[in-house]
$ cat model_2.json   # JSON, C-alpha atoms and all ligand atoms
[["chain", "number", "residue", "atom", "x", "y", "z"],
["L", 103, "MET", "CA", 161.91, -70.32, -52.11],
["L", 104, "ILE", "CA", 158.73, -69.89, -50.09],
["L", 105, "ILE", "CA", 155.39, -70.80, -51.63],
["L", 106, "ALA", "CA", 152.39, -69.42, -49.75],
["L", 107, "ILE", "CA", 149.04, -71.12, -50.27],
["L", 108, "ASP", "CA", 146.04, -69.47, -48.62],
["L", 109, "GLY", "CA", 142.31, -69.95, -48.80],
["L", 110, "PRO", "CA", 139.22, -70.97, -46.85],
["L", 111, "ALA", "CA", 138.45, -74.39, -45.36],
["L", 112, "GLY", "CA", 137.56, -76.99, -47.97],
["L", 113, "SER", "CA", 139.09, -75.12, -50.91],
["L", 114, "GLY", "CA", 141.39, -78.10, -51.42],
["L", 115, "LYS", "CA", 144.25, -76.25, -49.80],
["L", 116, "SER", "CA", 145.70, -78.89, -47.50],
["L", 117, "SER", "CA", 145.66, -81.87, -49.86],
["L", 118, "THR", "CA", 146.90, -79.72, -52.76],
["L", 119, "ALA", "CA", 149.65, -78.01, -50.77],
["L", 120, "LYS", "CA", 150.84, -81.35, -49.39],
["L", 121, "GLU", "CA", 151.08, -82.93, -52.87],
["L", 122, "VAL", "CA", 152.73, -79.84, -54.38],
["L", 123, "ALA", "CA", 155.33, -79.92, -51.59],
["L", 124, "ARG", "CA", 155.98, -83.61, -52.22],
["L", 125, "ARG", "CA", 156.48, -83.09, -55.96],
["L", 126, "VAL", "CA", 158.86, -80.15, -55.60],
["L", 127, "SER", "CA", 160.64, -81.69, -52.56],
["L", 128, "ALA", "CA", 159.69, -78.82, -50.28],
["L", 129, "LEU", "CA", 158.97, -78.84, -46.56],
["L", 130, "TYR", "CA", 155.19, -78.73, -46.07],
["L", 131, "ILE", "CA", 153.85, -76.68, -43.16],
["L", 132, "ASP", "CA", 150.14, -76.84, -42.35],
["L", 133, "THR", "CA", 149.57, -73.74, -40.19],
["L", 134, "GLY", "CA", 145.90, -74.61, -39.62],
["L", 135, "ALA", "CA", 147.10, -77.69, -37.74],
["L", 136, "MET", "CA", 149.06, -75.36, -35.44],
["L", 137, "TYR", "CA", 145.95, -73.27, -34.63],
["L", 138, "ARG", "CA", 144.09, -76.52, -34.04],
["L", 139, "ALA", "CA", 146.81, -77.83, -31.69],
["L", 140, "VAL", "CA", 146.67, -74.57, -29.70],
["L", 141, "ALA", "CA", 142.87, -74.88, -29.38],
["L", 142, "LEU", "CA", 143.17, -78.51, -28.23],
["L", 143, "SER", "CA", 145.81, -77.64, -25.66],
["L", 144, "CYS", "CA", 143.85, -74.66, -24.34],
["L", 145, "LEU", "CA", 140.61, -76.64, -24.02],
["L", 146, "ARG", "CA", 142.46, -79.39, -22.16],
["L", 147, "HIS", "CA", 143.70, -76.76, -19.72],
["L", 148, "ASP", "CA", 140.25, -75.15, -19.36],
["L", 149, "LEU", "CA", 141.31, -71.96, -21.09],
["L", 150, "THR", "CA", 139.00, -69.85, -23.22],
["L", 151, "PRO", "CA", 140.24, -67.30, -25.80],
["L", 152, "GLU", "CA", 139.55, -64.55, -23.23],
["L", 153, "SER", "CA", 141.43, -66.23, -20.39],
["L", 154, "ASP", "CA", 144.07, -64.22, -18.48],
["L", 155, "ARG", "CA", 146.32, -67.27, -18.50],
["L", 156, "LEU", "CA", 146.34, -67.58, -22.32],
["L", 157, "PHE", "CA", 149.59, -65.71, -23.01],
["L", 158, "GLU", "CA", 151.49, -67.60, -20.35],
["L", 159, "HIS", "CA", 150.12, -70.93, -21.53],
["L", 160, "LEU", "CA", 151.13, -70.19, -25.14],
["L", 161, "GLN", "CA", 154.77, -69.75, -24.13],
["L", 162, "ARG", "CA", 154.80, -73.31, -22.80],
["L", 163, "ILE", "CA", 153.14, -75.06, -25.77],
["L", 164, "ASN", "CA", 155.42, -77.09, -27.99],
["L", 165, "ILE", "CA", 154.18, -77.94, -31.52],
["L", 166, "GLU", "CA", 156.18, -80.12, -33.88],
["L", 167, "PHE", "CA", 155.61, -81.80, -37.23],
["L", 168, "GLU", "CA", 156.92, -85.14, -38.37],
["L", 169, "SER", "CA", 156.50, -86.54, -41.84],
["L", 170, "SER", "CA", 156.11, -90.30, -42.23],
["L", 171, "ASP", "CA", 154.66, -92.93, -44.61],
["L", 172, "THR", "CA", 151.28, -92.37, -42.99],
["L", 173, "GLY", "CA", 151.36, -88.62, -43.71],
["L", 174, "LEU", "CA", 152.15, -85.53, -41.73],
["L", 175, "HIS", "CA", 151.88, -85.98, -37.97],
["L", 176, "VAL", "CA", 151.37, -83.14, -35.52],
["L", 177, "PHE", "CA", 152.80, -83.39, -32.02],
["L", 178, "LEU", "CA", 151.60, -81.32, -29.10],
["L", 179, "ASP", "CA", 154.05, -81.46, -26.19],
["L", 180, "GLY", "CA", 155.31, -84.76, -27.56],
["L", 181, "GLU", "CA", 151.89, -86.38, -28.05],
["L", 182, "ASP", "CA", 150.67, -87.26, -31.55],
["L", 183, "VAL", "CA", 147.42, -85.26, -31.87],
["L", 184, "SER", "CA", 147.00, -85.61, -35.65],
["L", 185, "ASP", "CA", 143.54, -87.21, -35.29],
["L", 186, "ALA", "CA", 142.39, -85.34, -32.19],
["L", 187, "ILE", "CA", 142.81, -81.93, -33.89],
["L", 188, "ARG", "CA", 140.44, -82.90, -36.74],
["L", 189, "ASP", "CA", 137.44, -83.15, -34.41],
["L", 190, "SER", "CA", 134.65, -80.73, -35.42],
["L", 191, "LYS", "CA", 134.67, -79.18, -31.93],
["L", 192, "ILE", "CA", 138.34, -78.30, -32.50],
["L", 193, "SER", "CA", 137.53, -76.83, -35.94],
["L", 194, "GLU", "CA", 135.19, -74.40, -34.27],
["L", 195, "TRP", "CA", 137.45, -73.57, -31.30],
["L", 196, "SER", "CA", 140.54, -73.14, -33.47],
["L", 197, "SER", "CA", 138.70, -70.45, -35.39],
["L", 198, "ARG", "CA", 137.78, -68.74, -32.09],
["L", 199, "PHE", "CA", 141.30, -68.94, -30.64],
["L", 200, "SER", "CA", 142.82, -67.76, -33.94],
["L", 201, "LYS", "CA", 141.19, -64.34, -33.43],
["L", 202, "MET", "CA", 143.42, -63.66, -30.44],
["L", 203, "PRO", "CA", 146.54, -61.54, -31.13],
["L", 204, "ALA", "CA", 148.56, -63.53, -28.54],
["L", 205, "VAL", "CA", 147.84, -66.76, -30.41],
["L", 206, "ARG", "CA", 148.64, -65.29, -33.83],
["L", 207, "GLU", "CA", 151.88, -63.65, -32.66],
["L", 208, "ARG", "CA", 153.12, -66.85, -31.07],
["L", 209, "LEU", "CA", 152.29, -69.06, -34.07],
["L", 210, "VAL", "CA", 153.55, -66.61, -36.71],
["L", 211, "SER", "CA", 156.88, -66.49, -34.93],
["L", 212, "ILE", "CA", 157.11, -70.32, -34.90],
["L", 213, "GLN", "CA", 156.10, -70.44, -38.59],
["L", 214, "ARG", "CA", 158.79, -67.94, -39.60],
["L", 215, "GLU", "CA", 161.38, -69.84, -37.61],
["L", 216, "LEU", "CA", 160.48, -73.21, -39.17],
["L", 217, "ALA", "CA", 160.69, -71.75, -42.70],
["L", 218, "LYS", "CA", 163.89, -69.83, -41.98],
["L", 219, "ASN", "CA", 165.67, -73.00, -40.83],
["L", 220, "GLU", "CA", 164.62, -74.85, -43.97],
["L", 221, "VAL", "CA", 165.53, -72.03, -46.38],
["L", 222, "ASN", "CA", 168.89, -71.51, -44.65],
["L", 223, "ALA", "CA", 169.58, -75.21, -45.14],
["L", 224, "GLY", "CA", 168.95, -74.74, -48.88],
["L", 225, "GLY", "CA", 165.40, -76.12, -48.91],
["L", 226, "LYS", "CA", 162.05, -74.92, -50.21],
["L", 227, "VAL", "CA", 158.90, -74.42, -48.15],
["L", 228, "VAL", "CA", 155.22, -74.77, -49.00],
["L", 229, "MET", "CA", 153.27, -73.08, -46.21],
["L", 230, "GLU", "CA", 149.52, -73.26, -46.16],
["L", 231, "GLY", "CA", 146.99, -71.23, -44.17],
["L", 232, "ARG", "CA", 144.95, -68.03, -44.20],
["L", 233, "ASP", "CA", 147.50, -65.23, -43.74],
["L", 234, "ILE", "CA", 150.72, -66.69, -45.18],
["L", 235, "GLY", "CA", 150.88, -64.37, -48.20],
["L", 236, "THR", "CA", 149.60, -61.32, -46.32],
["L", 237, "VAL", "CA", 151.29, -61.52, -42.91],
["L", 238, "VAL", "CA", 153.66, -64.43, -42.35],
["L", 239, "PHE", "CA", 155.59, -64.12, -45.62],
["L", 240, "PRO", "CA", 154.49, -60.97, -47.48],
["L", 241, "HIS", "CA", 157.59, -61.35, -49.67],
["L", 242, "ALA", "CA", 157.05, -65.02, -50.59],
["L", 243, "GLU", "CA", 158.27, -65.83, -54.10],
["L", 244, "LEU", "CA", 154.89, -67.29, -55.03],
["L", 245, "LYS", "CA", 151.47, -66.69, -53.47],
["L", 246, "VAL", "CA", 148.42, -68.68, -54.44],
["L", 247, "PHE", "CA", 144.91, -68.01, -53.13],
["L", 248, "LEU", "CA", 142.48, -70.90, -53.56],
["L", 249, "ARG", "CA", 138.75, -70.39, -53.74],
["L", 250, "ALA", "CA", 135.81, -72.75, -54.21],
["L", 251, "ASP", "CA", 132.05, -72.51, -54.06],
["L", 252, "PRO", "CA", 130.85, -73.12, -50.42],
["L", 253, "ALA", "CA", 128.40, -75.85, -51.55],
["L", 254, "ILE", "CA", 131.22, -77.71, -53.29],
["L", 255, "ARG", "CA", 133.47, -77.30, -50.26],
["L", 256, "ALA", "CA", 130.72, -78.77, -48.03],
["L", 257, "GLU", "CA", 130.35, -81.77, -50.36],
["L", 258, "ARG", "CA", 134.12, -82.34, -50.30],
["L", 259, "ARG", "CA", 134.15, -82.22, -46.50],
["L", 260, "VAL", "CA", 131.29, -84.73, -46.23],
["L", 261, "LYS", "CA", 133.16, -87.06, -48.60],
["L", 262, "GLN", "CA", 136.37, -86.72, -46.58],
["L", 263, "LEU", "CA", 134.48, -87.52, -43.36],
["L", 264, "GLN", "CA", 132.77, -90.51, -45.00],
["L", 265, "GLU", "CA", 136.13, -91.87, -46.07],
["L", 266, "LYS", "CA", 137.10, -91.81, -42.40],
["L", 267, "GLY", "CA", 133.89, -93.65, -41.49],
["L", 268, "THR", "CA", 131.98, -90.61, -40.15],
["L", 269, "GLN", "CA", 128.54, -89.73, -41.48],
["L", 270, "ALA", "CA", 127.75, -86.02, -41.79],
["L", 271, "ASP", "CA", 124.88, -83.91, -43.00],
["L", 272, "VAL", "CA", 125.83, -81.68, -45.92],
["L", 273, "GLN", "CA", 123.55, -78.81, -44.81],
["L", 274, "THR", "CA", 125.07, -78.75, -41.31],
["L", 275, "ILE", "CA", 128.59, -78.80, -42.74],
["L", 276, "LEU", "CA", 127.70, -76.02, -45.21],
["L", 277, "ARG", "CA", 126.37, -73.87, -42.35],
["L", 278, "GLU", "CA", 129.53, -74.49, -40.32],
["L", 279, "ILE", "CA", 131.75, -73.61, -43.31],
["L", 280, "ILE", "CA", 129.91, -70.34, -43.91],
["L", 281, "GLU", "CA", 130.06, -69.44, -40.20],
["L", 282, "ARG", "CA", 133.77, -70.22, -40.06],
["L", 283, "ASP", "CA", 134.49, -68.21, -43.25],
["L", 284, "THR", "CA", 132.62, -65.23, -41.86],
["L", 285, "ARG", "CA", 134.58, -65.40, -38.61],
["L", 286, "ASP", "CA", 137.93, -65.87, -40.40],
["L", 287, "GLU", "CA", 137.22, -63.08, -42.93],
["L", 288, "SER", "CA", 135.89, -60.54, -40.46],
["L", 289, "ARG", "CA", 138.40, -60.84, -37.62],
["L", 290, "GLU", "CA", 140.43, -57.72, -36.93],
["L", 291, "MET", "CA", 143.86, -59.29, -36.96],
["L", 292, "SER", "CA", 145.11, -61.07, -40.10],
["L", 293, "PRO", "CA", 141.70, -61.75, -41.65],
["L", 294, "LEU", "CA", 141.38, -64.28, -44.46],
["L", 295, "VAL", "CA", 141.98, -62.08, -47.53],
["L", 296, "LYS", "CA", 143.80, -62.55, -50.79],
["L", 297, "ALA", "CA", 147.14, -60.71, -50.92],
["L", 298, "ALA", "CA", 147.15, -58.12, -53.71],
["L", 299, "ASP", "CA", 149.91, -60.00, -55.53],
["L", 300, "ALA", "CA", 148.51, -63.53, -54.98],
["L", 301, "ILE", "CA", 147.37, -65.60, -57.94],
["L", 302, "GLU", "CA", 143.77, -66.68, -57.51],
["L", 303, "LEU", "CA", 142.76, -70.21, -58.41],
["L", 304, "ASP", "CA", 139.09, -71.25, -58.28],
["L", 305, "THR", "CA", 139.08, -74.98, -57.62],
["L", 306, "SER", "CA", 135.27, -75.47, -57.85],
["L", 307, "GLY", "CA", 135.46, -77.21, -61.22],
["L", 308, "LEU", "CA", 139.00, -78.58, -60.97],
["L", 309, "SER", "CA", 140.08, -82.11, -60.22],
["L", 310, "PHE", "CA", 142.75, -82.68, -57.59],
["L", 311, "GLU", "CA", 145.36, -83.37, -60.28],
["L", 312, "GLU", "CA", 144.43, -80.15, -62.12],
["L", 313, "GLN", "CA", 144.82, -78.11, -58.92],
["L", 314, "VAL", "CA", 148.24, -79.59, -58.26],
["L", 315, "GLU", "CA", 149.42, -79.14, -61.85],
["L", 316, "ASN", "CA", 148.23, -75.55, -61.93],
["L", 317, "ILE", "CA", 150.38, -74.68, -58.93],
["L", 318, "ILE", "CA", 153.38, -76.68, -60.15],
["L", 319, "GLY", "CA", 153.11, -74.71, -63.41],
["L", 320, "LEU", "CA", 153.17, -71.46, -61.45],
["L", 321, "ILE", "CA", 156.24, -72.59, -59.49],
["L", 322, "GLN", "CA", 158.06, -73.53, -62.69],
["L", 323, "GLY", "CA", 157.05, -70.20, -64.21],
["L", 324, "ASN", "CA", 158.60, -68.49, -61.20],
["L", 325, "GLY", "CA", 161.79, -70.50, -61.16],
["T", 1, "LIG", "O1", 142.95, -74.78, -42.22],
["T", 1, "LIG", "P1", 142.23, -75.27, -40.99],
["T", 1, "LIG", "O2", 140.75, -75.46, -41.22],
["T", 1, "LIG", "O3", 142.85, -76.50, -40.41],
["T", 1, "LIG", "O4", 142.41, -74.10, -39.90],
["T", 1, "LIG", "C1", 141.81, -74.15, -38.62],
["T", 1, "LIG", "C2", 141.47, -72.73, -38.15],
["T", 1, "LIG", "O5", 142.68, -72.00, -37.91],
["T", 1, "LIG", "C3", 140.65, -71.89, -39.13],
["T", 1, "LIG", "O6", 139.35, -71.65, -38.64],
["T", 1, "LIG", "C4", 141.34, -70.58, -39.25],
["T", 1, "LIG", "C5", 142.58, -70.69, -38.42],
["T", 1, "LIG", "N1", 143.78, -70.38, -39.19],
["T", 1, "LIG", "C6", 144.21, -69.08, -39.19],
["T", 1, "LIG", "O7", 143.55, -68.22, -38.60],
["T", 1, "LIG", "N2", 145.37, -68.75, -39.82],
["T", 1, "LIG", "C7", 146.08, -69.67, -40.47],
["T", 1, "LIG", "N3", 147.23, -69.33, -41.07],
["T", 1, "LIG", "C8", 145.63, -71.02, -40.51],
["T", 1, "LIG", "C9", 144.46, -71.34, -39.88]]
$ encode --input "model_2.json" --output "C-alpha cells" --more "lines below"
Ligand code: DC
Amino acid sequence: MIIAIDGPAGSGKSSTAKEVARRVSALYIDTGAMYRAVALSCLRHDLTPESDRLFEHLQRINIEFESSDTGLHVFLDGEDVSDAIRDSKISEWSSRFSKMPAVRERLVSIQRELAKNEVNAGGKVVMEGRDIGTVVFPHAELKVFLRADPAIRAERRVKQLQEKGTQADVQTILREIIERDTRDESREMSPLVKAADAIELDTSGLSFEEQVENIIGLIQGNG
C-alpha cells in the first residue's frame, strides 16, 4: 500500500506523515528532503539550476535515508546533512532547483525505486511531497492533500525554529512561504496541485493528534 501525502510547506505534512508512518509501520519517505539535498549538493559544487553540468552532476549524487532514535537522517554521498538541508537558504534554492525537469526526473525515479523495494518486500510506504499523488504515484491507494492558512503555517514555522533556538520574524517567514507556494504552484513541471482523487484535509484548526487520527482513519477506511 502506498499512501501519498501532498501539500505546501508548513501544512503539517512532514510531522504528520512521519507519525502516521510510525503508527501503521510504514516506510516514511520525505521527498522534500531529497530536493533539499540536491540543492545543497549543487550549491557546494557551484552549480545553478541553469548550469550545463546539472544533468551530469545529478547522475553522481547519492541520497539515502536512515531512521534512528533521533529521527529520520538524510545522507548525501555518505554525509549526514539532516541539519544542513533545513537552512533557510536551502529552502529557497530547493524550490528553484525543483523547477528543473532533470532534477525532477532523477528524484522521481529514485522515489519510485525506494517505494517499489519496500512494497515488494511486503511493506507499506508513506511518501510525502508536492507531486506524489499526481506524478510519482498516480495510482496510490490513498492520497491526502493537506492545506492550512498561510498565516497559521508561518506561525508554526516560527515556533519550530524557536524550538531549535532560532529567532525568526513571522512577517518575513509569511512572505517566504507565500513566495515559495507561488513558485511551487506555478512551475510548469509537476506543480503543487491536489490530485482529482485526493482527499483534502484543512489542518488550520486541527491539533497534531487530530491530523494524524484523521489520516489513520482514512487508511483504515481504505484497508
Ligand atoms: O517539503 P519541503 O519544504 O522540505 O520541500 C523543499 C522544496 O522541494 C519545496 O520548495 C518544493 C520542492 N519539492 C517538490 O518540488 N516536490 C516534492 N515532491 C517535494 C518537494
$ atom_distance --input "model_2.json" --atom1 "CA of Leu178 (chain L)" --atom2 "CA of Arg155 (chain L)"
18.4 Å
$ closest_residue --input "model_2.json" --among "L:Glu215, L:Asp182, L:Glu302, L:Asp233" --to "ligand LIG 1 (chain T)" --atoms "all atoms listed in the file"
L:Asp233
$ residues_near_ligand --input "model_2.json" --ligand "ligand LIG 1 (chain T)" --cutoff "7 Å" --atoms "all atoms listed in the file" --output "list of chain:residue names"
L:Ala111, L:Thr133, L:Gly134, L:Ala135, L:Tyr137, L:Arg138, L:Ser193, L:Glu194, L:Ser196, L:Ser197, L:Ser200, L:Lys201, L:Glu230, L:Gly231, L:Arg232, L:Asp233, L:Ile234, L:Arg282, L:Asp286
$ closest_residue --input "model_2.json" --among "L:Leu303, L:Val183, L:Val227, L:Val210" --to "Ala128 (chain L)" --atoms "all atoms listed in the file"
L:Val227
$ atom_distance --input "model_2.json" --atom1 "CA of Glu243 (chain L)" --atom2 "CA of Phe310 (chain L)"
23.2 Å
$ residues_around --input "model_2.json" --residues "region 141-144 of chain L" --least-positions-apart "4" --cutoff "8 Å" --atoms "all atoms listed in the file" --output "list in words"
Tyr137, Asp148, Leu149, Thr150, Leu156, His159, Ile163, Leu178, Ala186, Ile187, Ile192, Trp195, Ser196 and Phe199 of chain L
$ closest_residue --input "model_2.json" --among "L:Glu166, L:Ala242, L:Ala253, L:Gly319" --to "Val221 (chain L)" --atoms "only C-alpha atoms"
L:Ala242
$ closest_residue --input "model_2.json" --among "L:Ser184, L:Ser190, L:Ser292, L:Gln322" --to "Val126 (chain L)" --atoms "all atoms listed in the file"
L:Gln322
$ closest_residue --input "model_2.json" --among "L:Arg124, L:Arg206, L:Lys296, L:Lys218" --to "Thr236 (chain L)" --atoms "all atoms listed in the file"
L:Lys296
$ atom_distance --input "model_2.json" --atom1 "CA of Pro151 (chain L)" --atom2 "CA of Phe247 (chain L)"
27.7 Å
$ closest_residue --input "model_2.json" --among "L:Glu181, L:Glu312, L:Lys245, L:Arg214" --to "Ile105 (chain L)" --atoms "all atoms listed in the file"
L:Lys245
$ residues_around --input "model_2.json" --residues "Pro203 (chain L)" --least-positions-apart "6" --cutoff "10 Å" --atoms "only C-alpha atoms" --output "JSON list (two decimals) with C-alpha atoms, in the frame of the given file"
[["chain", "number", "residue", "atom", "x", "y", "z"],
["L", 157, "PHE", "CA", 149.59, -65.71, -23.01],
["L", 209, "LEU", "CA", 152.29, -69.06, -34.07],
["L", 290, "GLU", "CA", 140.43, -57.72, -36.93],
["L", 291, "MET", "CA", 143.86, -59.29, -36.96],
["L", 292, "SER", "CA", 145.11, -61.07, -40.10]]
